[in-house]
file target03.tsv (TSV, C-alpha atoms)
chain	number	residue	atom	x	y	z
F	637	MET	CA	-12.12	3.77	-25.63
F	638	GLU	CA	-10.78	6.88	-23.91
F	639	PRO	CA	-13.06	8.21	-21.11
F	640	THR	CA	-14.82	11.47	-21.90
F	641	GLU	CA	-14.66	14.55	-19.69
F	642	LYS	CA	-18.11	13.63	-18.36
F	643	ASP	CA	-16.89	10.12	-17.49
F	644	ILE	CA	-13.91	11.59	-15.63
F	645	LYS	CA	-16.11	13.96	-13.61
F	646	THR	CA	-18.48	11.11	-12.74
F	647	LEU	CA	-15.54	8.96	-11.67
F	648	LEU	CA	-14.02	11.69	-9.48
F	649	ALA	CA	-17.39	12.24	-7.82
F	650	LYS	CA	-17.43	8.58	-6.79
F	651	LEU	CA	-14.15	8.73	-4.86
F	652	PRO	CA	-15.61	10.56	-1.80
F	653	GLN	CA	-18.56	8.14	-1.92
F	654	LEU	CA	-16.13	5.24	-1.70
F	655	LYS	CA	-14.69	6.56	1.54
F	656	SER	CA	-18.19	7.18	2.92
F	657	GLU	CA	-19.21	3.57	2.24
F	658	ILE	CA	-16.13	2.25	4.07
F	659	GLN	CA	-16.86	4.55	7.01
F	660	LYS	CA	-20.25	2.88	7.46
F	661	VAL	CA	-18.25	0.03	9.00
F	662	ILE	CA	-14.90	1.55	9.99
F	663	VAL	CA	-14.98	4.12	12.79
F	664	GLY	CA	-12.31	6.81	12.65
F	665	GLN	CA	-8.99	5.87	11.00
F	666	ASP	CA	-9.47	8.72	8.49
F	667	HIS	CA	-5.75	9.14	7.97
F	668	THR	CA	-5.24	5.40	7.41
F	669	LEU	CA	-8.14	5.23	4.96
F	670	ASP	CA	-6.82	8.17	2.98
F	671	GLU	CA	-3.38	6.59	2.66
F	672	LEU	CA	-4.84	3.22	1.61
F	673	LEU	CA	-6.97	4.88	-1.06
F	674	VAL	CA	-3.99	6.92	-2.26
F	675	ALA	CA	-1.89	3.75	-2.64
F	676	PHE	CA	-4.73	1.98	-4.43
F	677	LEU	CA	-5.23	4.83	-6.91
F	678	ALA	CA	-1.47	5.06	-7.47
F	679	GLY	CA	-1.41	1.34	-8.33
F	680	GLY	CA	0.94	0.39	-5.50
F	681	HIS	CA	0.90	-1.82	-2.43
F	682	CYS	CA	0.84	-1.05	1.28
F	683	LEU	CA	2.58	-2.44	4.33
F	684	LEU	CA	0.36	-1.80	7.32
F	685	GLU	CA	1.88	-1.85	10.80
F	686	GLY	CA	-0.29	-2.03	13.89
F	687	VAL	CA	-1.16	-4.18	16.88
F	688	PRO	CA	-3.93	-6.81	16.55
F	689	GLY	CA	-7.57	-5.84	16.86
F	690	LEU	CA	-7.53	-2.51	15.01
F	691	ALA	CA	-9.86	-3.65	12.17
F	692	LYS	CA	-7.19	-4.05	9.51
F	693	THR	CA	-8.90	-7.08	7.96
F	694	LEU	CA	-12.35	-5.53	8.21
F	695	MET	CA	-11.14	-2.31	6.61
F	696	VAL	CA	-9.71	-4.08	3.56
F	697	LYS	CA	-12.68	-6.44	3.20
F	698	THR	CA	-15.11	-3.51	3.37
F	699	MET	CA	-13.10	-1.64	0.73
F	700	SER	CA	-13.26	-4.65	-1.59
F	701	GLN	CA	-17.06	-4.78	-1.18
F	702	ALA	CA	-17.45	-1.08	-2.01
F	703	LEU	CA	-15.23	-1.62	-5.06
F	704	GLN	CA	-16.93	-4.85	-6.19
F	705	LEU	CA	-13.57	-6.60	-6.22
F	706	THR	CA	-12.55	-10.09	-5.18
F	707	PHE	CA	-10.86	-10.31	-1.77
F	708	ARG	CA	-8.63	-12.98	-0.28
F	709	ARG	CA	-6.98	-13.12	3.12
F	710	ILE	CA	-3.79	-15.15	3.51
F	711	GLN	CA	-2.59	-15.88	7.03
F	712	PHE	CA	1.19	-16.10	6.85
F	713	THR	CA	2.72	-18.77	9.08
F	714	PRO	CA	6.22	-20.30	9.40
F	715	ASP	CA	5.18	-23.40	7.42
F	716	LEU	CA	3.54	-21.54	4.51
F	717	MET	CA	5.06	-22.51	1.15
F	718	PRO	CA	5.12	-20.46	-2.09
F	719	THR	CA	2.70	-22.92	-3.74
F	720	ASP	CA	0.21	-22.25	-0.93
F	721	ILE	CA	-0.25	-18.70	-2.22
F	722	ILE	CA	0.62	-19.00	-5.93
F	723	GLY	CA	-1.09	-22.31	-6.66
F	724	THR	CA	0.05	-25.70	-7.90
F	725	GLU	CA	-0.45	-28.17	-10.72
F	726	ILE	CA	-2.83	-31.07	-10.19
F	727	LEU	CA	-3.12	-34.23	-12.25
F	728	GLU	CA	-6.46	-34.59	-14.02
F	729	GLU	CA	-7.91	-37.12	-16.45
F	730	ASP	CA	-9.93	-36.54	-19.59
F	731	HIS	CA	-12.75	-39.07	-19.15
F	732	SER	CA	-13.53	-39.13	-22.87
F	733	THR	CA	-10.00	-40.09	-23.97
F	734	GLY	CA	-8.50	-41.45	-20.77
F	735	LYS	CA	-5.50	-39.16	-21.14
F	736	ARG	CA	-4.01	-37.55	-18.08
F	737	PHE	CA	-2.72	-33.99	-17.96
F	738	PHE	CA	-1.56	-31.40	-15.48
F	739	LYS	CA	-3.81	-28.42	-14.77
F	740	PHE	CA	-2.70	-25.31	-12.88
F	741	ASN	CA	-4.92	-24.74	-9.85
F	742	LYS	CA	-4.74	-21.04	-8.99
F	743	GLY	CA	-3.97	-20.04	-5.41
F	744	PRO	CA	-5.43	-17.22	-3.31
F	745	LEU	CA	-3.04	-14.72	-4.91
F	746	PHE	CA	-5.39	-14.60	-7.91
F	747	ALA	CA	-7.73	-11.94	-6.56
F	748	ASN	CA	-8.00	-8.16	-6.81
F	749	ILE	CA	-7.29	-7.33	-3.16
F	750	ILE	CA	-5.03	-9.52	-1.03
F	751	LEU	CA	-4.59	-9.18	2.72
F	752	ALA	CA	-1.21	-10.75	3.52
F	753	ASP	CA	-1.64	-11.03	7.27
F	754	GLU	CA	1.57	-10.98	9.35
F	755	ILE	CA	3.91	-11.25	6.38
F	756	ASN	CA	6.94	-11.25	8.70
F	757	ARG	CA	5.91	-14.62	10.17
F	758	THR	CA	6.67	-16.58	7.00
F	759	PRO	CA	10.15	-17.55	5.70
F	760	PRO	CA	11.96	-15.44	3.05
F	761	LYS	CA	11.19	-17.95	0.25
F	762	THR	CA	7.44	-17.38	0.57
F	763	GLN	CA	7.90	-13.64	1.14
F	764	SER	CA	9.87	-13.47	-2.11
F	765	ALA	CA	7.13	-15.27	-4.05
F	766	LEU	CA	4.63	-12.66	-2.89
F	767	LEU	CA	6.94	-9.72	-3.58
F	768	GLU	CA	7.70	-11.00	-7.09
F	769	ALA	CA	3.98	-11.05	-7.84
F	770	MET	CA	3.70	-7.50	-6.48
F	771	GLN	CA	6.38	-6.23	-8.81
F	772	GLU	CA	5.60	-8.17	-12.00
F	773	PHE	CA	1.80	-8.59	-11.64
F	774	GLU	CA	2.24	-12.18	-12.78
F	775	VAL	CA	3.44	-15.52	-11.44
F	776	THR	CA	5.45	-18.28	-13.11
F	777	TYR	CA	4.91	-21.96	-12.39
F	778	GLY	CA	6.22	-24.93	-14.36
F	779	GLY	CA	7.60	-22.68	-17.07
F	780	GLN	CA	4.22	-21.03	-17.68
F	781	THR	CA	3.42	-17.41	-16.86
F	782	TYR	CA	0.01	-16.54	-15.42
F	783	PRO	CA	-1.11	-12.90	-15.31
F	784	LEU	CA	-2.75	-11.72	-12.10
F	785	ASP	CA	-6.16	-10.08	-11.99
F	786	ARG	CA	-6.20	-6.30	-12.35
F	787	PRO	CA	-6.53	-4.12	-10.41
F	788	PHE	CA	-4.17	-5.89	-8.02
F	789	PHE	CA	-3.56	-4.52	-4.54
F	790	ILE	CA	-1.67	-6.18	-1.70
F	791	LEU	CA	-2.03	-5.00	1.86
F	792	ALA	CA	0.56	-6.76	3.98
F	793	THR	CA	0.44	-6.41	7.75
F	794	GLN	CA	3.10	-6.86	10.36
F	795	ASN	CA	2.81	-6.79	14.11
F	796	PRO	CA	5.24	-4.40	15.85
F	797	ILE	CA	5.18	-6.59	18.97
F	798	GLU	CA	5.92	-10.30	19.55
F	799	GLN	CA	8.92	-10.37	17.22
F	800	ALA	CA	10.15	-13.79	18.41
F	801	GLY	CA	10.09	-16.32	15.58
F	802	THR	CA	9.58	-13.75	12.83
F	803	TYR	CA	11.42	-13.15	9.56
F	804	PRO	CA	11.72	-9.35	9.16
F	805	LEU	CA	11.55	-8.07	5.59
F	806	PRO	CA	14.95	-6.93	4.26
F	807	GLU	CA	15.24	-3.29	3.26
F	808	ALA	CA	15.38	-4.16	-0.45
F	809	GLN	CA	12.02	-5.93	-0.15
F	810	LEU	CA	10.49	-3.20	2.00
F	811	ASP	CA	11.28	-0.79	-0.81
F	812	ARG	CA	8.78	-2.65	-3.02
F	813	PHE	CA	5.91	-1.33	-0.91
F	814	LEU	CA	4.64	2.03	-2.07
F	815	LEU	CA	3.67	3.09	1.47
F	816	LEU	CA	4.25	1.98	5.04
F	817	VAL	CA	1.09	2.92	6.89
F	818	LYS	CA	1.05	2.96	10.67
F	819	ILE	CA	-2.30	2.44	12.39
F	820	GLY	CA	-2.84	3.54	15.97
F	821	TYR	CA	-5.43	3.12	18.69
F	822	PRO	CA	-8.77	4.94	18.35
F	823	THR	CA	-9.70	7.97	20.43
F	824	SER	CA	-12.05	7.51	23.40
F	825	GLU	CA	-15.02	8.74	21.33
F	826	GLU	CA	-14.15	6.44	18.44
F	827	GLU	CA	-13.67	3.47	20.74
F	828	PHE	CA	-17.10	4.08	22.28
F	829	GLU	CA	-18.62	4.14	18.79
F	830	VAL	CA	-16.80	0.91	17.85
F	831	LEU	CA	-18.15	-0.86	20.92
F	832	ASN	CA	-21.64	0.51	20.31
F	833	ARG	CA	-21.73	-0.56	16.67
F	834	THR	CA	-20.14	-3.99	16.94
F	835	THR	CA	-21.97	-5.47	19.93
F	836	GLY	CA	-25.52	-5.12	18.63
F	837	THR	CA	-27.55	-6.72	15.87
F	838	GLN	CA	-27.47	-3.93	13.29
F	839	LYS	CA	-25.22	-4.46	10.28
F	840	ALA	CA	-24.21	-1.84	7.73
F	841	ASN	CA	-25.18	-2.37	4.11
F	842	ILE	CA	-22.20	-1.65	1.86
F	843	ASN	CA	-23.10	-0.38	-1.60
F	844	THR	CA	-20.86	-0.92	-4.60
F	845	VAL	CA	-19.52	2.46	-5.69
F	846	ILE	CA	-16.83	1.83	-8.29
F	847	SER	CA	-16.25	-1.06	-10.70
F	848	ALA	CA	-12.90	-2.66	-11.50
F	849	GLU	CA	-12.87	-0.97	-14.92
F	850	GLU	CA	-13.42	2.46	-13.33
F	851	ILE	CA	-10.58	1.83	-10.88
F	852	LEU	CA	-8.23	1.08	-13.77
F	853	GLN	CA	-9.39	4.31	-15.42
F	854	ALA	CA	-8.69	6.20	-12.19
F	855	GLN	CA	-5.22	4.66	-11.92
F	856	ALA	CA	-4.48	5.78	-15.49
F	857	LEU	CA	-5.86	9.23	-14.69
F	858	VAL	CA	-3.50	9.60	-11.71
F	859	ARG	CA	-0.49	9.60	-14.03
F	860	GLN	CA	-2.03	12.44	-16.03
F	861	VAL	CA	-2.22	14.74	-12.98
F	862	ASN	CA	0.11	17.68	-13.50
F	863	ILE	CA	3.19	18.37	-11.39
F	864	SER	CA	5.52	21.30	-12.10
F	865	GLU	CA	9.21	20.87	-12.82
F	866	ASP	CA	9.97	22.97	-9.73
F	867	LEU	CA	8.14	20.45	-7.54
F	868	ILE	CA	9.92	17.54	-9.22
F	869	LYS	CA	13.24	19.25	-8.46
F	870	TYR	CA	12.07	19.70	-4.86
F	871	VAL	CA	11.29	15.97	-4.62
F	872	SER	CA	14.73	15.14	-6.02
F	873	GLY	CA	16.37	17.46	-3.48
F	874	LEU	CA	14.35	15.97	-0.62
F	875	ILE	CA	15.24	12.39	-1.54
F	876	ARG	CA	18.94	13.19	-2.07
F	877	ALA	CA	19.00	14.94	1.31
F	878	THR	CA	18.20	11.60	3.00
F	879	ARG	CA	21.53	10.11	1.83
F	880	PRO	CA	24.54	10.63	4.12
F	881	ASP	CA	26.99	10.76	1.19
F	882	THR	CA	25.15	13.50	-0.77
F	883	THR	CA	23.41	15.53	1.95
F	884	THR	CA	24.47	18.83	3.43
F	885	VAL	CA	22.33	18.28	6.53
F	886	ASP	CA	24.51	17.41	9.52
F	887	TYR	CA	22.01	15.28	11.45
F	888	ILE	CA	21.45	13.05	8.40
F	889	LYS	CA	25.14	12.17	8.50
F	890	GLU	CA	24.81	11.67	12.24
F	891	TRP	CA	21.66	9.50	12.30
F	892	VAL	CA	21.19	7.82	8.92
F	893	ARG	CA	23.07	4.76	7.69
F	894	TRP	CA	21.35	4.52	4.28
F	895	GLY	CA	19.05	7.00	2.58
F	896	ALA	CA	16.17	6.54	0.17
F	897	GLY	CA	16.72	5.48	-3.46
F	898	PRO	CA	15.15	6.81	-6.68
F	899	ARG	CA	12.08	4.60	-6.19
F	900	ALA	CA	11.20	6.78	-3.19
F	901	GLY	CA	11.02	9.84	-5.44
F	902	GLN	CA	8.79	7.99	-7.88
F	903	ALA	CA	6.54	6.87	-5.04
F	904	LEU	CA	6.32	10.38	-3.58
F	905	ILE	CA	5.29	11.93	-6.90
F	906	LEU	CA	2.76	9.19	-7.73
F	907	THR	CA	1.12	9.25	-4.31
F	908	ALA	CA	1.02	13.05	-4.34
F	909	LYS	CA	-0.76	12.87	-7.70
F	910	ALA	CA	-3.24	10.34	-6.31
F	911	ARG	CA	-3.86	12.52	-3.24
F	912	ALA	CA	-4.47	15.55	-5.44
F	913	LEU	CA	-7.04	13.57	-7.44
F	914	LEU	CA	-8.78	12.45	-4.22
F	915	LYS	CA	-8.98	16.10	-3.21
F	916	GLY	CA	-10.55	16.98	-6.57
F	917	ARG	CA	-7.47	18.66	-8.05
F	918	TYR	CA	-5.69	18.02	-11.35
F	919	SER	CA	-2.31	19.31	-10.22
F	920	VAL	CA	0.04	18.55	-7.33
F	921	ILE	CA	0.73	21.18	-4.67
F	922	MET	CA	3.37	21.24	-1.94
F	923	GLU	CA	0.82	20.10	0.64
F	924	ASP	CA	0.39	16.79	-1.24
F	925	LEU	CA	4.12	16.09	-1.18
F	926	HIS	CA	4.44	16.89	2.51
F	927	ALA	CA	1.39	14.78	3.41
F	928	MET	CA	2.81	11.71	1.66
F	929	ALA	CA	6.48	12.15	2.65
F	930	ALA	CA	6.30	10.20	5.94
F	931	PRO	CA	4.54	7.01	4.68
F	932	VAL	CA	6.76	7.01	1.57
F	933	LEU	CA	10.06	7.46	3.42
F	934	ARG	CA	9.61	5.76	6.80
F	935	HIS	CA	10.58	2.31	5.47
F	936	ARG	CA	13.21	3.62	3.05
F	937	ILE	CA	15.45	5.47	5.53
F	938	LEU	CA	17.70	3.13	7.49
F	939	LEU	CA	18.82	4.67	10.77
F	940	ASN	CA	22.06	3.85	12.56
F	941	PHE	CA	22.59	2.68	16.14
F	942	LYS	CA	23.14	6.22	17.41
F	943	ALA	CA	19.69	7.28	16.18
F	944	GLU	CA	18.05	4.23	17.73
F	945	ALA	CA	19.82	4.89	21.03
F	946	GLU	CA	18.46	8.45	21.01
F	947	ASN	CA	14.92	7.27	20.06
F	948	ILE	CA	15.10	9.03	16.72
F	949	SER	CA	12.55	7.68	14.19
F	950	SER	CA	12.55	7.96	10.41
F	951	ASP	CA	9.36	10.07	10.69
F	952	MET	CA	11.29	12.57	12.83
F	953	VAL	CA	14.07	12.67	10.25
F	954	THR	CA	11.53	13.30	7.47
F	955	ALA	CA	9.83	16.07	9.47
F	956	GLU	CA	13.17	17.81	10.01
F	957	LEU	CA	14.10	17.50	6.35
F	958	ILE	CA	10.83	19.12	5.28
F	959	LYS	CA	11.80	22.12	7.39
F	960	VAL	CA	15.28	22.58	5.92
F	961	VAL	CA	15.18	21.43	2.28
F	962	GLU	CA	14.92	24.44	0.03
F	963	ARG	CA	11.51	24.97	-1.51
F	964	PRO	CA	10.94	26.40	-4.98
F	965	SER	CA	9.83	30.02	-4.87
F	966	PRO	CA	7.10	31.20	-4.30
F	967	LEU	CA	5.83	27.89	-2.80

call {"tool": "encode", "arguments": {"input": "target03.tsv", "output": "structure tokens"}}
result
Amino acid sequence: MEPTEKDIKTLLAKLPQLKSEIQKVIVGQDHTLDELLVAFLAGGHCLLEGVPGLAKTLMVKTMSQALQLTFRRIQFTPDLMPTDIIGTEILEEDHSTGKRFFKFNKGPLFANIILADEINRTPPKTQSALLEAMQEFEVTYGGQTYPLDRPFFILATQNPIEQAGTYPLPEAQLDRFLLLVKIGYPTSEEEFEVLNRTTGTQKANINTVISAEEILQAQALVRQVNISEDLIKYVSGLIRATRPDTTTVDYIKEWVRWGAGPRAGQALILTAKARALLKGRYSVIMEDLHAMAAPVLRHRILLNFKAEAENISSDMVTAELIKVVERPSPL
């Protein structure tokens, strides 16, 4: 049954409440929270980059509690096998007939929210099994296909330090992540509040705000958010400007080896729609596109050695492009 206008208004009113519930536990990190919620509403997955101890696990676990969703954390290690996350068949016996049969025992991937901790510490074979599930929302084992629970959201983390013994994700696999979210250290005030909250006896009570069914409704609603043809043309121009062979921007030819593909444009429009909905709007504005440009493009622009030598980052390239790519009038 299609949600009524009243249902939609009630649902939209719950989105700010969701963030408030998470902030009962998580101090600061407003920008990170916003980007995670945007990715979740857009139906995509996030790659979160940050040093240990910045509450990545706690943030995702708290979000799953506020959403009344199942949560699993998978610690990726060099010896982790695909069956460790997908599941495996086990031999069972029917005691009434004595017949033996194989039964598929589901792995931790069968949950609504998955924290794939340190994904770059496991070999490519296991990475690929996870990324296939992300794309298809199903897994295949022994010739049988098993659908994953919906909504399905993977937050994969990678540590920017201690790269020895890691298996970095190839660019083609990085492109499967809707957003690359970078998480930084808290401010002095936030760090004081973290220490004050976490070293005492008081614990926050997280209330369930949104059900799984309502989240699926919200994800469907995101695609109905309006975006003008002028803004779609702007997105196309911005994405094409990242490619050295089609750009007219000199420093792109100087710094960039490979630009973003069409999936980047899709991701930018979808996340801009989700951000607009979080802000209580039913149409995308230029501010939404600019706010989501960096997390959408930072893992889709491959810089060359000259850029790395000059300490040029993909975020800097994106910021410069926003300044020079022609905007539709009168925006």

call {"tool": "closest_atom_pairs", "arguments": {"input": "target03.tsv", "of": "segment 774-877 of chain F", "to": "segment 665-675 of chain F", "cutoff": "10 Å", "atoms": "all atoms listed in the file", "output": "tab-separated table"}}
result
residue	atom	partner	partner_atom	distance
F:Phe789	CA	F:Ala675	CA	8.6
F:Ile790	CA	F:Ala675	CA	10.0
F:Leu791	CA	F:Leu672	CA	8.7
F:Phe813	CA	F:Ala675	CA	9.5
F:Leu814	CA	F:Ala675	CA	6.8
F:Leu815	CA	F:Ala675	CA	6.9
F:Leu816	CA	F:Glu671	CA	9.2
F:Val817	CA	F:Thr668	CA	6.8
F:Lys818	CA	F:Thr668	CA	7.5
F:Ile819	CA	F:Thr668	CA	6.5
F:Gly820	CA	F:Gln665	CA	8.2
F:Tyr821	CA	F:Gln665	CA	8.9
F:Pro822	CA	F:Gln665	CA	7.4
F:Thr823	CA	F:Gln665	CA	9.7
F:Glu826	CA	F:Gln665	CA	9.1
F:Gln855	CA	F:Ala675	CA	9.9
F:Val858	CA	F:Val674	CA	9.8

call {"tool": "write_last_selection", "arguments": {"input": "target03.tsv", "atoms": "C-alpha atoms", "output": "PDB file, keeping the file's coordinate frame"}}
result
ATOM      1  CA  PHE F 789      -3.560  -4.520  -4.540  1.00  0.00           C
ATOM      2  CA  ILE F 790      -1.670  -6.180  -1.700  1.00  0.00           C
ATOM      3  CA  LEU F 791      -2.030  -5.000   1.860  1.00  0.00           C
ATOM      4  CA  PHE F 813       5.910  -1.330  -0.910  1.00  0.00           C
ATOM      5  CA  LEU F 814       4.640   2.030  -2.070  1.00  0.00           C
ATOM      6  CA  LEU F 815       3.670   3.090   1.470  1.00  0.00           C
ATOM      7  CA  LEU F 816       4.250   1.980   5.040  1.00  0.00           C
ATOM      8  CA  VAL F 817       1.090   2.920   6.890  1.00  0.00           C
ATOM      9  CA  LYS F 818       1.050   2.960  10.670  1.00  0.00           C
ATOM     10  CA  ILE F 819      -2.300   2.440  12.390  1.00  0.00           C
ATOM     11  CA  GLY F 820      -2.840   3.540  15.970  1.00  0.00           C
ATOM     12  CA  TYR F 821      -5.430   3.120  18.690  1.00  0.00           C
ATOM     13  CA  PRO F 822      -8.770   4.940  18.350  1.00  0.00           C
ATOM     14  CA  THR F 823      -9.700   7.970  20.430  1.00  0.00           C
ATOM     15  CA  GLU F 826     -14.150   6.440  18.440  1.00  0.00           C
ATOM     16  CA  GLN F 855      -5.220   4.660 -11.920  1.00  0.00           C
ATOM     17  CA  VAL F 858      -3.500   9.600 -11.710  1.00  0.00           C
TER      18      VAL F 858
END

call {"tool": "residues_around", "arguments": {"input": "target03.tsv", "residues": "Glu772 of chain F", "least_positions_apart": "5", "cutoff": "10 Å", "atoms": "all atoms listed in the file", "output": "list in words"}}
result
Leu767, Pro783 and Leu784 of chain F

call {"tool": "atom_distance", "arguments": {"input": "target03.tsv", "atom1": "atom CA of Ile722 of chain F", "atom2": "atom CA of Ala691 of chain F"}}
result
25.9 Å

call {"tool": "closest_atom_pairs", "arguments": {"input": "target03.tsv", "of": "segment 859-903 of chain F", "to": "segment 679-688 of chain F", "cutoff": "12 Å", "atoms": "all atoms listed in the file", "output": "CSV"}}
result
residue,atom,partner,partner_atom,distance
F:Arg859,CA,F:Gly679,CA,10.1
F:Arg899,CA,F:Gly680,CA,11.9
F:Gln902,CA,F:Gly680,CA,11.2
F:Ala903,CA,F:Gly680,CA,8.6

call {"tool": "closest_residue", "arguments": {"input": "target03.tsv", "among": "F:Pro652, F:Pro931, F:Pro806, F:Pro787", "to": "Ala955 of chain F", "atoms": "all atoms listed in the file"}}
result
F:Pro931

call {"tool": "closest_residue", "arguments": {"input": "target03.tsv", "among": "F:Tyr777, F:Phe788, F:Trp894, F:Tyr887", "to": "Phe740 of chain F", "atoms": "all atoms listed in the file"}}
result
F:Tyr777

call {"tool": "atom_distance", "arguments": {"input": "target03.tsv", "atom1": "atom CA of Arg963 of chain F", "atom2": "atom CA of Arg876 of chain F"}}
result
13.9 Å

call {"tool": "residues_around", "arguments": {"input": "target03.tsv", "residues": "Arg911 of chain F", "least_positions_apart": "3", "cutoff": "8 Å", "atoms": "only C-alpha atoms", "output": "PyMOL selection string"}}
result
chain F and resi 674+907-908+914-915+924

call {"tool": "closest_residue", "arguments": {"input": "target03.tsv", "among": "F:Met922, F:Ala678, F:Val661, F:Leu766", "to": "Gln701 of chain F", "atoms": "all atoms listed in the file"}}
result
F:Val661
